[in-house]
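The file input_24.csv contains CSV, C-alpha atoms:
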chain,number,residue,atom,x,y,z
A,526,SER,CA,0.0,0.0,0.0
A,527,TYR,CA,0.9,3.7,-0.2
A,528,PHE,CA,1.6,3.8,3.6
A,529,SER,CA,3.6,0.6,4.0
A,530,ARG,CA,5.9,1.7,1.2
A,531,PHE,CA,7.2,4.3,3.7
A,532,ILE,CA,6.8,2.7,7.0
A,533,LYS,CA,8.6,-0.7,6.6
A,534,ALA,CA,12.3,-0.7,7.6
A,535,SER,CA,15.0,-0.5,5.0
A,536,GLU,CA,16.3,-4.0,4.0
A,537,GLU,CA,19.9,-2.6,3.9
A,538,ALA,CA,22.1,-4.3,6.4
A,539,ASP,CA,24.5,-1.4,6.7
A,540,PRO,CA,24.3,-0.3,10.4
A,541,PHE,CA,25.6,3.2,9.4
A,542,LYS,CA,22.4,3.9,7.4
A,543,PRO,CA,19.0,4.8,8.9
A,544,LYS,CA,16.5,1.9,9.0
A,545,TYR,CA,13.3,4.0,8.6
A,546,LEU,CA,14.0,7.5,7.2
A,547,ASN,CA,12.8,8.0,3.7
A,548,ASN,CA,12.9,11.4,2.0
A,549,ASN,CA,10.0,10.6,-0.2
A,550,SER,CA,7.8,10.7,2.9
A,551,LEU,CA,8.6,14.4,3.6
A,552,HIS,CA,5.7,15.4,1.3
A,553,THR,CA,3.4,13.6,3.8
A,554,PRO,CA,4.3,15.1,7.2
A,555,GLY,CA,2.2,12.6,9.2
A,556,ILE,CA,4.1,9.6,7.7
A,557,ALA,CA,7.4,11.4,7.9
A,558,LEU,CA,6.9,12.0,11.6
A,559,ILE,CA,6.1,8.3,12.3
A,560,LEU,CA,9.3,7.3,10.5
A,561,ALA,CA,11.3,9.9,12.5
A,562,LYS,CA,9.8,8.5,15.7
A,563,LYS,CA,10.7,4.9,14.7
A,564,GLU,CA,14.2,5.9,13.8
A,565,THR,CA,14.6,7.7,17.1
A,566,LEU,CA,13.4,4.5,18.9
A,567,HIS,CA,16.0,2.6,16.9
A,568,LEU,CA,18.7,5.1,18.1
A,569,ALA,CA,17.4,4.7,21.7
A,570,ASN,CA,17.8,0.9,21.5
A,571,LEU,CA,21.4,1.3,20.2
A,572,VAL,CA,22.3,3.7,23.0
A,573,THR,CA,20.7,1.3,25.6
A,574,LYS,CA,22.8,-1.5,24.3
A,575,MET,CA,25.9,0.7,24.8
A,576,VAL,CA,24.9,1.3,28.4
A,577,GLU,CA,24.3,-2.4,28.9
A,578,GLU,CA,27.8,-3.2,27.8
A,579,LEU,CA,29.4,-0.4,29.8
A,580,LEU,CA,30.1,-2.3,33.1
A,581,PRO,CA,30.9,-5.8,31.7
A,582,THR,CA,33.6,-4.0,29.6
A,583,PHE,CA,35.2,-2.9,32.8
A,584,LEU,CA,34.7,-6.0,35.0
A,585,GLU,CA,36.0,-8.4,32.3
A,586,LYS,CA,38.7,-6.0,30.9
A,587,ASP,CA,37.3,-6.9,27.5
A,588,LYS,CA,39.1,-5.1,24.6
A,589,LYS,CA,36.7,-6.5,22.0
A,590,ARG,CA,33.8,-5.0,23.9
A,591,ILE,CA,35.7,-1.7,23.9
A,592,ALA,CA,36.1,-1.8,20.1
A,593,ASN,CA,32.3,-2.6,19.8
A,594,LEU,CA,31.4,0.4,21.9
A,595,GLU,CA,33.6,2.6,19.7
A,596,GLN,CA,31.8,1.3,16.7
A,597,SER,CA,28.4,1.8,18.3
A,598,GLU,CA,29.3,5.4,19.1
A,599,ARG,CA,30.2,6.0,15.4
A,600,ILE,CA,26.8,4.5,14.3
A,601,VAL,CA,25.0,6.7,16.9
A,602,ASN,CA,26.6,9.8,15.5
A,603,VAL,CA,25.6,9.0,11.9
A,604,LEU,CA,22.0,8.3,12.9
A,605,ARG,CA,21.8,11.4,15.1
A,606,ASP,CA,22.8,13.5,12.1
A,607,ALA,CA,20.4,11.7,9.8
A,608,ILE,CA,17.5,12.1,12.2
A,609,THR,CA,18.3,15.8,12.9
A,610,GLN,CA,18.6,16.7,9.2
A,611,PHE,CA,15.4,14.8,8.4
A,612,LEU,CA,13.5,16.6,11.1
A,613,ILE,CA,14.8,20.0,10.0
A,614,LYS,CA,13.7,19.2,6.4
A,615,LEU,CA,10.3,18.1,7.7
A,616,ASN,CA,9.8,21.3,9.7
A,617,LYS,CA,10.4,23.3,6.5
A,618,GLN,CA,7.6,21.3,4.8
A,619,ASN,CA,5.2,21.3,7.7
A,620,GLN,CA,2.5,23.9,8.4
A,621,ASN,CA,0.9,22.1,11.4
A,622,VAL,CA,1.5,23.5,14.9
A,623,GLU,CA,1.1,20.1,16.6
A,624,THR,CA,3.5,18.5,14.2
A,625,ALA,CA,6.0,21.3,14.9
A,626,LYS,CA,5.8,20.5,18.6
A,627,GLU,CA,6.4,16.8,17.9
A,628,ILE,CA,9.4,17.7,15.8
A,629,TYR,CA,11.0,19.8,18.6
A,630,LYS,CA,10.3,17.1,21.1
A,631,LEU,CA,12.1,14.5,18.9
A,632,LEU,CA,15.1,16.9,18.4
A,633,GLY,CA,15.3,17.2,22.2
A,634,ILE,CA,15.2,13.5,22.7
A,635,VAL,CA,17.8,12.8,20.1
A,636,LYS,CA,20.1,15.3,21.9
A,637,GLU,CA,19.6,13.5,25.2
A,638,LEU,CA,20.4,10.1,23.6
A,639,GLU,CA,23.5,11.7,22.1
A,640,GLU,CA,24.6,13.0,25.5
A,641,ILE,CA,24.3,9.4,26.9
A,642,ALA,CA,26.3,7.9,24.1
A,643,ASP,CA,28.9,10.7,24.6
A,644,ILE,CA,29.3,9.8,28.3
A,645,VAL,CA,30.1,6.3,27.2
A,646,ASP,CA,32.5,7.4,24.4
A,647,THR,CA,34.2,10.4,25.9
A,648,ASN,CA,34.3,9.5,29.6
A,649,LEU,CA,34.0,5.7,29.9
A,650,ILE,CA,35.9,4.2,26.9
A,651,PRO,CA,39.2,5.9,27.7
A,652,LYS,CA,38.9,4.7,31.3
A,653,ALA,CA,38.0,1.2,30.1
A,654,LYS,CA,41.1,1.1,27.9
A,655,PHE,CA,43.2,2.2,30.9
A,656,TRP,CA,41.6,-0.3,33.2
A,657,ALA,CA,42.0,-3.2,30.6
A,658,ASN,CA,45.7,-2.5,30.4
A,659,SER,CA,46.2,-2.2,34.2
A,660,THR,CA,46.5,-4.7,37.0
A,661,PHE,CA,43.8,-2.9,39.1
A,662,VAL,CA,40.7,-4.7,40.2
A,663,PHE,CA,37.7,-3.7,42.2
A,664,SER,CA,37.1,-5.3,45.6
A,665,ILE,CA,34.3,-8.0,45.6
A,666,GLU,CA,32.1,-5.5,47.6
A,667,GLY,CA,32.9,-2.7,45.2
A,668,ALA,CA,32.2,-4.8,42.1
A,669,ASN,CA,28.9,-6.0,43.5
A,670,GLU,CA,27.9,-2.4,44.3
A,671,LEU,CA,28.7,-1.3,40.8
A,672,LYS,CA,26.7,-4.2,39.3
A,673,SER,CA,23.7,-3.2,41.5
A,674,PHE,CA,23.8,0.5,40.4
A,675,HIS,CA,24.4,-0.4,36.8
A,676,HIS,CA,21.4,-2.7,36.9
A,677,HIS,CA,19.3,0.1,38.4
A,678,CYS,CA,20.4,2.6,35.8
A,679,LEU,CA,20.0,0.2,32.9
A,680,GLN,CA,16.5,-0.8,34.0
A,681,HIS,CA,15.6,2.9,34.2
A,682,LEU,CA,16.9,3.6,30.7
A,683,GLN,CA,15.1,0.5,29.3
A,684,ALA,CA,11.8,1.7,31.0
A,685,VAL,CA,12.3,5.2,29.4
A,686,VAL,CA,12.7,3.6,26.0
A,687,GLN,CA,9.6,1.5,26.7
A,688,ALA,CA,7.7,4.8,27.6
A,689,MET,CA,8.9,6.2,24.2
A,690,ALA,CA,7.4,3.2,22.4
A,691,SER,CA,4.1,2.9,24.4
A,692,HIS,CA,3.2,6.5,25.2
A,693,ASN,CA,2.0,5.4,28.6
A,694,GLU,CA,1.9,8.7,30.6
A,695,LYS,CA,1.1,7.0,34.0
A,696,HIS,CA,4.1,4.7,33.6
A,697,ALA,CA,6.2,7.8,32.6
A,698,LYS,CA,5.3,9.7,35.8
A,699,LYS,CA,6.6,6.8,37.9
A,700,LEU,CA,9.9,7.0,36.0
A,701,LYS,CA,10.2,10.6,36.9
A,702,THR,CA,10.0,9.7,40.6
A,703,THR,CA,12.9,7.2,40.4
A,704,GLU,CA,15.3,10.2,40.1
A,705,LYS,CA,15.2,10.7,43.9
A,706,GLU,CA,15.8,7.0,44.4
A,707,THR,CA,18.8,7.1,42.0
A,708,ILE,CA,20.3,10.1,43.9
A,709,ARG,CA,19.8,8.3,47.2
A,710,MET,CA,21.3,5.1,45.9
A,711,ALA,CA,24.4,6.9,44.4
A,712,TYR,CA,25.0,8.7,47.7
A,713,GLU,CA,24.7,5.5,49.8
A,714,LEU,CA,27.1,3.6,47.4
A,715,GLU,CA,29.7,6.4,47.6
A,716,LYS,CA,29.4,6.5,51.4
A,717,SER,CA,29.9,2.7,51.6
A,718,HIS,CA,32.8,2.9,49.2
A,719,PHE,CA,34.6,5.6,51.2
A,720,SER,CA,34.1,3.5,54.4
A,721,ARG,CA,35.9,0.6,52.7
A,722,LEU,CA,38.7,3.0,51.5
A,723,ILE,CA,39.2,4.3,55.1
A,724,GLU,CA,39.3,0.7,56.3
A,725,GLU,CA,41.8,-0.1,53.5
A,726,VAL,CA,39.6,-2.8,52.0
A,727,GLU,CA,39.9,-1.3,48.5
A,728,ALA,CA,42.8,-2.5,46.4
A,729,SER,CA,44.1,0.9,45.6
A,730,VAL,CA,43.4,4.7,45.5
A,731,GLN,CA,43.3,4.3,41.7
A,732,SER,CA,40.6,1.7,41.7
A,733,SER,CA,38.8,3.8,44.2
A,734,LYS,CA,38.9,6.8,41.8
A,735,VAL,CA,37.5,4.7,38.9
A,736,HIS,CA,34.8,3.3,41.2
A,737,ILE,CA,33.5,6.8,42.2
A,738,GLU,CA,33.7,8.0,38.6
A,739,LEU,CA,31.7,5.1,37.3
A,740,ILE,CA,28.9,5.8,39.8
A,741,GLY,CA,28.9,9.5,38.9
A,742,LEU,CA,28.8,8.7,35.1
A,743,MET,CA,26.0,6.1,35.5
A,744,HIS,CA,24.1,8.6,37.6
A,745,ALA,CA,24.5,11.2,34.8
A,746,ILE,CA,23.2,8.7,32.2
A,747,THR,CA,20.1,8.2,34.4
A,748,ARG,CA,19.5,12.0,34.6
A,749,HIS,CA,19.6,12.2,30.8
A,750,ALA,CA,17.2,9.3,30.5
A,751,THR,CA,14.8,11.1,32.9
A,752,GLN,CA,15.0,14.2,30.8
A,753,ILE,CA,13.7,12.2,27.8
A,754,VAL,CA,10.6,11.5,29.8
A,755,ARG,CA,10.2,15.2,30.7
A,756,ILE,CA,10.5,16.2,27.0
A,757,LEU,CA,8.2,13.5,25.9
A,758,TYR,CA,5.3,14.3,28.3
A,759,ASP,CA,5.9,18.0,29.0
A,760,PHE,CA,6.7,17.3,32.6
A,761,ASP,CA,8.4,20.0,34.7
Will you turn the file into structure tokens for me?
Amino acid sequence: SYFSRFIKASEEADPFKPKYLNNNSLHTPGIALILAKKETLHLANLVTKMVEELLPTFLEKDKKRIANLEQSERIVNVLRDAITQFLIKLNKQNQNVETAKEIYKLLGIVKELEEIADIVDTNLIPKAKFWANSTFVFSIEGANELKSFHHHCLQHLQAVVQAMASHNEKHAKKLKTTEKETIRMAYELEKSHFSRLIEEVEASVQSSKVHIELIGLMHAITRHATQIVRILYDFD
């Protein structure tokens, strides 16, 4: 049909090319907007996968995972540019106020997803490379705390992506309230970590520094994820 011609995913296997964007759809803003939303969801799933791989890369000192994360960041950058350019073109074609609002929301969401990917690429990958080439290890307690916080942050991001897909406002409001829980959890983990450091349970000052940085960066990822919910549902 006329609609399915635009809405089905591209059969090209090239990960560096958008799956859904189609310039032919720009003449029909309603369809173009659906495609842009689907591509943004595709981008969100890629970013979520990067966050999922973040901690195992450290704990396993896995250089192959580091290379995969770098590749994912390059793909994210290409898709970010493609979606942004597509939305700018769509905005020029569009005359509808509601469609314009949706376009600006999507641009904001793409920016937050880029910020999350940048935290992994700019802050975490260099640290992961350093860690992989070092003899440093986390204490058993430290590793378990990092796993717990990573699980919390990843679940939050996955729930945000689900909210993007389902447009469930009640569910989204619950996500907004988890921000306080994340702040409390990060504070408690840092306090616990410093207690171990004082008692000399931690392997080294260097592993301590990386431990605290990982908690801070995972917390930052969660803040950007929460901001997506605010943009999506016009929450304060």
Report the distance between atom CA of Thr565 of chain A and atom CA of Ser550 of chain A in Å, rounded to one decimal place.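 Atom CA of Thr565 of chain A sits 16.0 Å away from atom CA of Ser550 of chain A.
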List every protein, DNA or RNA residue that has an atom no more than 12 Å from (16.5, 12.9, 19.0) in the file's coordinate frame, counting all atoms listed in the file, and report them as a ChimeraX atom specification. /A:561-569,572,601-602,604-613,627-641,689,752-753,756-757
Take atom CA of Phe674 of chain A and atom CA of Phe655 of chain A and report the distance between them in Å, one decimal.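 Between atom CA of Phe674 of chain A and atom CA of Phe655 of chain A the gap works out to 21.7 Å.
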Selected residue, from A:Gln596, A:Ser732, A:Asn549, A:Asn648, that lies nearest to Ala745 of chain A when counting all atoms listed in the file: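 Selected residue with least distance to Ala745 of chain A: A:Asn648.
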Nearest to Met575 of chain A: which of A:Gln620, A:Gln683, A:Thr703, A:Ser733 is it, counting only C-alpha atoms?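 Going through A:Gln620, A:Gln683, A:Thr703, A:Ser733 one by one, the smallest distance to Met575 of chain A is for A:Gln683.
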Suppose you want the space between atom CA of Ala642 of chain A and atom CA of Ala538 of chain A; what is it in Å? 21.9 Å
Smallest atom-to-atom distance to Val645 of chain A: which of A:His718, A:Arg599, A:His692, A:Arg709, using all atoms listed in the file?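 Smallest separation from Val645 of chain A among the options: A:Arg599.
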Distance criterion (all atoms listed in the file): nearest to Trp656 of chain A out of A:Tyr712, A:Asn570, A:Thr747, A:Glu585: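 That would be A:Glu585, the residue with the smallest distance to Trp656 of chain A.
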Out of A:Val622, A:Leu714, A:Leu594, A:Leu571, which residue has the shortest atom-to-atom distance to Leu649 of chain A when counting only C-alpha atoms?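 Looking at the shortest contact to Leu649 of chain A, the residue is A:Leu594.
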Closest of A:Gln680, A:Gln618, A:Asn593, A:Thr573 to Asn548 of chain A - atom-to-atom distances counting all atoms listed in the file: A:Gln618
Can you list, as a PyMOL selection string, every protein, DNA or RNA residue that comes within 12 Å of Asp587 of chain A when you count all atoms listed in the file, leaving out same-chain residues fewer than 5 positions away? chain A and resi 578-582+592-594+650+653-658
